[in-house]
file coords-v1.cif (mmCIF, C-alpha atoms and all ligand atoms)
data_structure
#
loop_
_atom_site.label_atom_id
_atom_site.label_comp_id
_atom_site.auth_asym_id
_atom_site.auth_seq_id
_atom_site.Cartn_x
_atom_site.Cartn_y
_atom_site.Cartn_z
CA MET A 106 23.25 11.58 -19.73
CA PRO A 107 20.34 9.21 -18.95
CA THR A 108 18.40 7.97 -21.95
CA PRO A 109 15.04 9.75 -22.23
CA PRO A 110 11.99 7.49 -21.89
CA THR A 111 10.22 6.39 -25.06
CA ILE A 112 7.16 4.74 -23.56
CA LEU A 113 5.11 5.04 -20.37
CA LEU A 114 4.62 1.68 -18.67
CA HIS A 115 1.54 1.57 -16.48
CA THR A 116 2.92 -0.55 -13.64
CA CYS A 117 0.58 -2.59 -11.46
CA CYS A 118 3.40 -4.05 -9.34
CA GLY A 119 7.10 -4.88 -9.36
CA PRO A 120 6.74 -8.59 -10.26
CA CYS A 121 4.65 -7.94 -13.38
CA ALA A 122 6.98 -5.12 -14.44
CA THR A 123 9.98 -7.48 -14.57
CA THR A 124 8.96 -9.20 -17.79
CA CYS A 125 7.63 -6.00 -19.36
CA THR A 126 10.75 -3.95 -18.77
CA GLU A 127 12.92 -6.79 -20.06
CA ARG A 128 10.90 -7.15 -23.24
CA LEU A 129 10.57 -3.44 -23.85
CA GLY A 130 14.32 -3.12 -23.41
CA ASP A 131 14.88 -5.93 -25.90
CA SER A 132 12.74 -3.97 -28.36
CA GLY A 133 14.85 -0.87 -27.95
CA GLU A 134 12.35 0.97 -25.77
CA GLU A 135 13.20 2.95 -22.66
CA PRO A 136 10.23 2.56 -20.29
CA LEU A 137 9.20 5.08 -17.66
CA LEU A 138 7.36 3.26 -14.87
CA PHE A 139 4.03 4.80 -13.88
CA PHE A 140 2.65 3.34 -10.65
CA SER A 141 -1.06 4.10 -10.87
CA ASN A 142 -3.16 1.75 -8.78
CA CYS A 143 -6.14 3.38 -7.12
CA ASN A 144 -7.76 -0.07 -7.19
CA ILE A 145 -5.46 -1.53 -4.54
CA PHE A 146 -6.86 -1.88 -1.05
CA PRO A 147 -6.00 -1.50 1.77
CA ARG A 148 -3.46 1.30 1.78
CA GLU A 149 -0.86 -0.94 3.45
CA GLU A 150 -1.05 -3.30 0.48
CA TYR A 151 -0.71 -0.37 -1.89
CA ASP A 152 2.38 0.86 -0.04
CA LEU A 153 3.95 -2.60 -0.09
CA ARG A 154 3.46 -2.98 -3.83
CA LEU A 155 4.80 0.51 -4.41
CA GLU A 156 7.87 -0.23 -2.30
CA HIS A 157 8.69 -3.27 -4.41
CA ALA A 158 7.99 -1.50 -7.69
CA ARG A 159 10.46 1.14 -6.56
CA LYS A 160 12.93 -1.58 -5.61
CA LEU A 161 12.75 -2.97 -9.13
CA ALA A 162 13.18 0.48 -10.65
CA VAL A 163 16.36 0.98 -8.62
CA ILE A 164 17.71 -2.45 -9.61
CA LEU A 165 17.08 -1.76 -13.29
CA GLY A 166 18.12 1.88 -13.22
CA LEU A 167 14.73 3.08 -14.46
CA ASP A 168 12.65 6.03 -13.34
CA LEU A 169 9.33 5.51 -11.58
CA ILE A 170 6.64 8.08 -11.01
CA GLU A 171 3.73 7.57 -8.66
CA ASP A 172 0.16 8.61 -9.38
CA ALA A 173 -2.06 9.96 -6.61
CA TYR A 174 -3.84 7.23 -4.66
CA ASP A 175 -7.58 7.90 -4.87
CA HIS A 176 -9.38 4.72 -3.92
CA GLY A 177 -12.64 6.62 -3.48
CA ALA A 178 -12.63 7.65 -7.14
CA TRP A 179 -11.93 4.07 -8.13
CA LEU A 180 -14.83 2.81 -5.98
CA SER A 181 -17.12 5.26 -7.77
CA ALA A 182 -15.91 3.96 -11.14
CA VAL A 183 -16.85 0.37 -10.26
CA ALA A 184 -20.03 1.16 -8.31
CA GLY A 185 -22.71 -1.46 -8.94
CA LEU A 186 -20.17 -3.98 -10.20
CA GLU A 187 -18.81 -5.10 -6.85
CA ASP A 188 -20.09 -8.68 -7.18
CA GLU A 189 -18.78 -9.26 -10.68
CA PRO A 190 -16.26 -12.10 -11.05
CA GLU A 191 -12.68 -11.49 -12.11
CA ARG A 192 -12.51 -10.89 -15.87
CA GLY A 193 -16.03 -9.47 -15.68
CA LEU A 194 -17.43 -5.95 -15.94
CA ARG A 195 -15.80 -4.70 -12.73
CA CYS A 196 -12.36 -5.54 -14.09
CA GLN A 197 -13.25 -3.88 -17.39
CA ALA A 198 -14.16 -0.67 -15.55
CA CYS A 199 -11.01 -1.02 -13.45
CA PHE A 200 -8.81 -1.30 -16.53
CA ARG A 201 -10.54 1.71 -18.08
CA PHE A 202 -9.90 3.73 -14.93
CA SER A 203 -6.17 2.95 -14.82
CA LEU A 204 -5.52 3.15 -18.57
CA SER A 205 -7.30 6.49 -18.71
CA ARG A 206 -4.94 7.87 -16.09
CA ALA A 207 -1.94 6.44 -17.93
CA ALA A 208 -3.16 7.99 -21.20
CA ASP A 209 -3.50 11.38 -19.51
CA ARG A 210 -0.02 11.07 -18.01
CA ALA A 211 1.53 10.09 -21.35
CA ASP A 212 -0.01 13.21 -22.86
CA LEU A 213 1.18 15.36 -19.99
CA LEU A 214 4.73 14.06 -20.34
CA GLY A 215 4.71 14.29 -24.12
CA LEU A 216 5.41 10.59 -24.52
CA PRO A 217 4.28 9.02 -27.82
CA ALA A 218 2.97 5.74 -26.36
CA PHE A 219 1.97 3.87 -23.27
CA THR A 220 1.24 0.28 -22.37
CA THR A 221 0.48 -1.74 -19.25
CA THR A 222 1.94 -4.54 -17.17
CA LEU A 223 -1.56 -5.92 -16.65
CA THR A 224 -1.24 -8.33 -19.59
CA VAL A 225 1.48 -10.34 -17.82
CA SER A 226 -0.96 -11.98 -15.45
CA ARG A 227 -2.37 -15.35 -16.38
CA TYR A 228 -5.46 -14.36 -14.39
CA LYS A 229 -6.29 -11.46 -16.70
CA SER A 230 -7.64 -11.49 -20.24
CA SER A 231 -5.30 -9.61 -22.56
CA ALA A 232 -8.14 -9.38 -25.09
CA GLN A 233 -10.28 -7.60 -22.49
CA ILE A 234 -7.45 -5.19 -21.70
CA PHE A 235 -6.87 -4.50 -25.40
CA GLU A 236 -10.57 -3.87 -25.93
CA VAL A 237 -10.47 -1.21 -23.22
CA GLY A 238 -7.19 0.16 -24.57
CA ARG A 239 -8.68 0.77 -28.02
CA ALA A 240 -10.27 3.93 -26.66
CA PHE A 241 -6.83 5.49 -26.17
CA PRO A 242 -4.89 6.39 -29.33
CA LYS A 243 -1.47 6.09 -27.67
CA PHE A 244 -2.12 2.66 -26.18
CA ALA A 245 0.27 -0.05 -27.40
CA PRO A 246 -1.42 -3.49 -27.16
CA LEU A 247 1.49 -5.63 -26.00
CA ASP A 248 0.69 -9.10 -24.69
CA PHE A 249 3.42 -9.70 -22.14
CA LYS A 250 2.12 -13.11 -21.04
CA LYS A 251 3.00 -14.52 -24.46
CA GLY A 252 6.13 -16.67 -24.64
CA ASN A 253 5.92 -17.65 -20.96
CA GLY A 254 6.00 -14.04 -19.82
CA TYR A 255 4.17 -14.83 -16.62
CA GLU A 256 6.60 -17.63 -15.72
CA ARG A 257 9.50 -15.30 -16.51
CA SER A 258 8.05 -12.73 -14.09
CA ILE A 259 8.07 -15.33 -11.31
CA ASP A 260 11.71 -16.23 -11.97
CA LEU A 261 12.83 -12.60 -12.08
CA SER A 262 10.83 -11.69 -8.99
CA ARG A 263 12.59 -14.43 -7.06
CA LEU A 264 15.93 -13.27 -8.40
CA TYR A 265 15.29 -9.68 -7.31
CA GLY A 266 13.58 -10.57 -4.02
CA LEU A 267 10.26 -8.90 -4.88
CA TYR A 268 7.07 -9.30 -2.90
CA ARG A 269 4.44 -11.24 -4.86
CA GLN A 270 0.84 -10.75 -3.76
CA ASN A 271 -1.76 -13.51 -3.77
CA PHE A 272 -4.78 -11.45 -4.81
CA CYS A 273 -5.40 -9.06 -7.66
CA GLY A 274 -5.69 -5.87 -5.67
CA CYS A 275 -9.14 -4.57 -4.79
CA GLU A 276 -11.17 -5.54 -1.76
CA PHE A 277 -13.55 -7.50 -3.99
CA SER A 278 -10.75 -9.82 -5.14
CA VAL A 279 -9.48 -10.77 -1.69
CA GLY A 280 -9.80 -14.50 -1.07
CA ARG A 281 -11.37 -15.08 -4.48
CA ARG A 282 -8.48 -17.10 -5.85
CA LYS A 283 -5.41 -19.01 -4.84
CA GLY A 284 -2.14 -18.40 -6.54
CA SER A 285 0.14 -15.56 -7.20
CA ALA A 286 0.81 -12.11 -8.42
CA GLY A 287 -1.02 -9.98 -10.89
S1 LIG A 301 -10.07 -7.98 -9.44
FE1 LIG A 301 -8.26 -6.79 -10.09
S2 LIG A 301 -8.68 -6.09 -12.19
FE2 LIG A 301 -10.62 -6.76 -11.26
S3 LIG A 301 -11.52 -4.89 -10.37
FE3 LIG A 301 -10.33 -5.85 -8.72
S4 LIG A 301 -8.30 -4.90 -8.84
FE4 LIG A 301 -9.34 -4.46 -10.77
#

call {"tool": "encode", "arguments": {"input": "coords-v1.cif", "output": "structure tokens"}}
result
Amino acid sequence: MPTPPTILLHTCCGPCATTCTERLGDSGEEPLLFFSNCNIFPREEYDLRLEHARKLAVILGLDLIEDAYDHGAWLSAVAGLEDEPERGLRCQACFRFSLSRAADRADLLGLPAFTTTLTVSRYKSSAQIFEVGRAFPKFAPLDFKKGNGYERSIDLSRLYGLYRQNFCGCEFSVGRRKGSAG
């Protein structure tokens, strides 16, 4: 019998989920991957990230569920904030959008907690994500970039042959930075 999940893991992409699933497993948790990324644009990029998140789930023997892709709703949530820099108010609204959907899904599934892979990225402020997460009682504020979590995600992504994107995800982040996933 498969072990029932104990925590919902909002999953932004396969590479970031590598460190999170490893650490959650080390803590005795059984994560259920929840791919919820209405922020990602264009659709081809969304599909590519989903494909590699699924690839990781198969490798690790974990379940993954996909949220509906509603980029229009996401655009409405960040309206007026398009020109904000990364780590600014647009990203705050983006985090709220995704964490809200994860909170709803955790409730729907009857899971006691949820967290997010977003804190792996060295480009994102974990404090900003935690501030948004405070609004959701089931949110577990886990800082996966601690202890070289980001570097670990790069190593594991190479090991598993996962696609690593070079921009955060939305159309407003394209070309804004050089570097890697998350
Ligand atoms: S840069 Fe990333 S976190 Fe910020 S709004 Fe775009 S997709 Fe969301």

call {"tool": "residues_around", "arguments": {"input": "coords-v1.cif", "residues": "Arg154 in chain A", "least_positions_apart": "5", "cutoff": "8 Å", "atoms": "all atoms listed in the file", "output": "ChimeraX atom specification"}}
result
/A:118-119,268

call {"tool": "atom_distance", "arguments": {"input": "coords-v1.cif", "atom1": "CA of Ser231 in chain A", "atom2": "CA of Arg206 in chain A"}}
result
18.6 Å

call {"tool": "residues_near_ligand", "arguments": {"input": "coords-v1.cif", "ligand": "ligand LIG 301 (chain A)", "cutoff": "10 Å", "atoms": "all atoms listed in the file", "output": "MDAnalysis selection string"}}
result
chainID A and resid 117 142:146 179:180 182:183 186:203 223 228:230 234 272:279 281:282 287

call {"tool": "atom_distance", "arguments": {"input": "coords-v1.cif", "atom1": "CA of Asp131 in chain A", "atom2": "CA of Gly215 in chain A"}}
result
22.7 Å

call {"tool": "residues_near_point", "arguments": {"input": "coords-v1.cif", "point": "(-2.4, 9.1, -23.9)", "cutoff": "12 Å", "atoms": "only C-alpha atoms", "output": "NGL selection string"}}
result
:A and (112-115 or 203-220 or 238-245)

call {"tool": "closest_residue", "arguments": {"input": "coords-v1.cif", "among": "A:Phe139, A:Phe249, A:Tyr265, A:Tyr151", "to": "Pro120 in chain A", "atoms": "all atoms listed in the file"}}
result
A:Tyr265

call {"tool": "atom_distance", "arguments": {"input": "coords-v1.cif", "atom1": "CA of Leu267 in chain A", "atom2": "CA of His157 in chain A"}}
result
5.9 Å

call {"tool": "closest_residue", "arguments": {"input": "coords-v1.cif", "among": "A:Thr116, A:Leu169, A:Pro246, A:Gln270", "to": "Leu153 in chain A", "atoms": "all atoms listed in the file"}}
result
A:Gln270

call {"tool": "closest_residue", "arguments": {"input": "coords-v1.cif", "among": "A:Pro147, A:Gly177, A:Gly280, A:Gly254", "to": "Thr124 in chain A", "atoms": "only C-alpha atoms"}}
result
A:Gly254

call {"tool": "closest_residue", "arguments": {"input": "coords-v1.cif", "among": "A:Ser141, A:Thr108, A:Ser181, A:Thr222", "to": "Cys125 in chain A", "atoms": "only C-alpha atoms"}}
result
A:Thr222

call {"tool": "residues_near_point", "arguments": {"input": "coords-v1.cif", "point": "(16.1, 8.5, -24.2)", "cutoff": "12 Å", "atoms": "only C-alpha atoms", "output": "PyMOL selection string"}}
result
chain A and resi 106-112+130+133-137+167-168+216

call {"tool": "closest_residue", "arguments": {"input": "coords-v1.cif", "among": "A:Leu161, A:Ile170, A:Leu155, A:Leu138", "to": "Thr123 in chain A", "atoms": "all atoms listed in the file"}}
result
A:Leu161
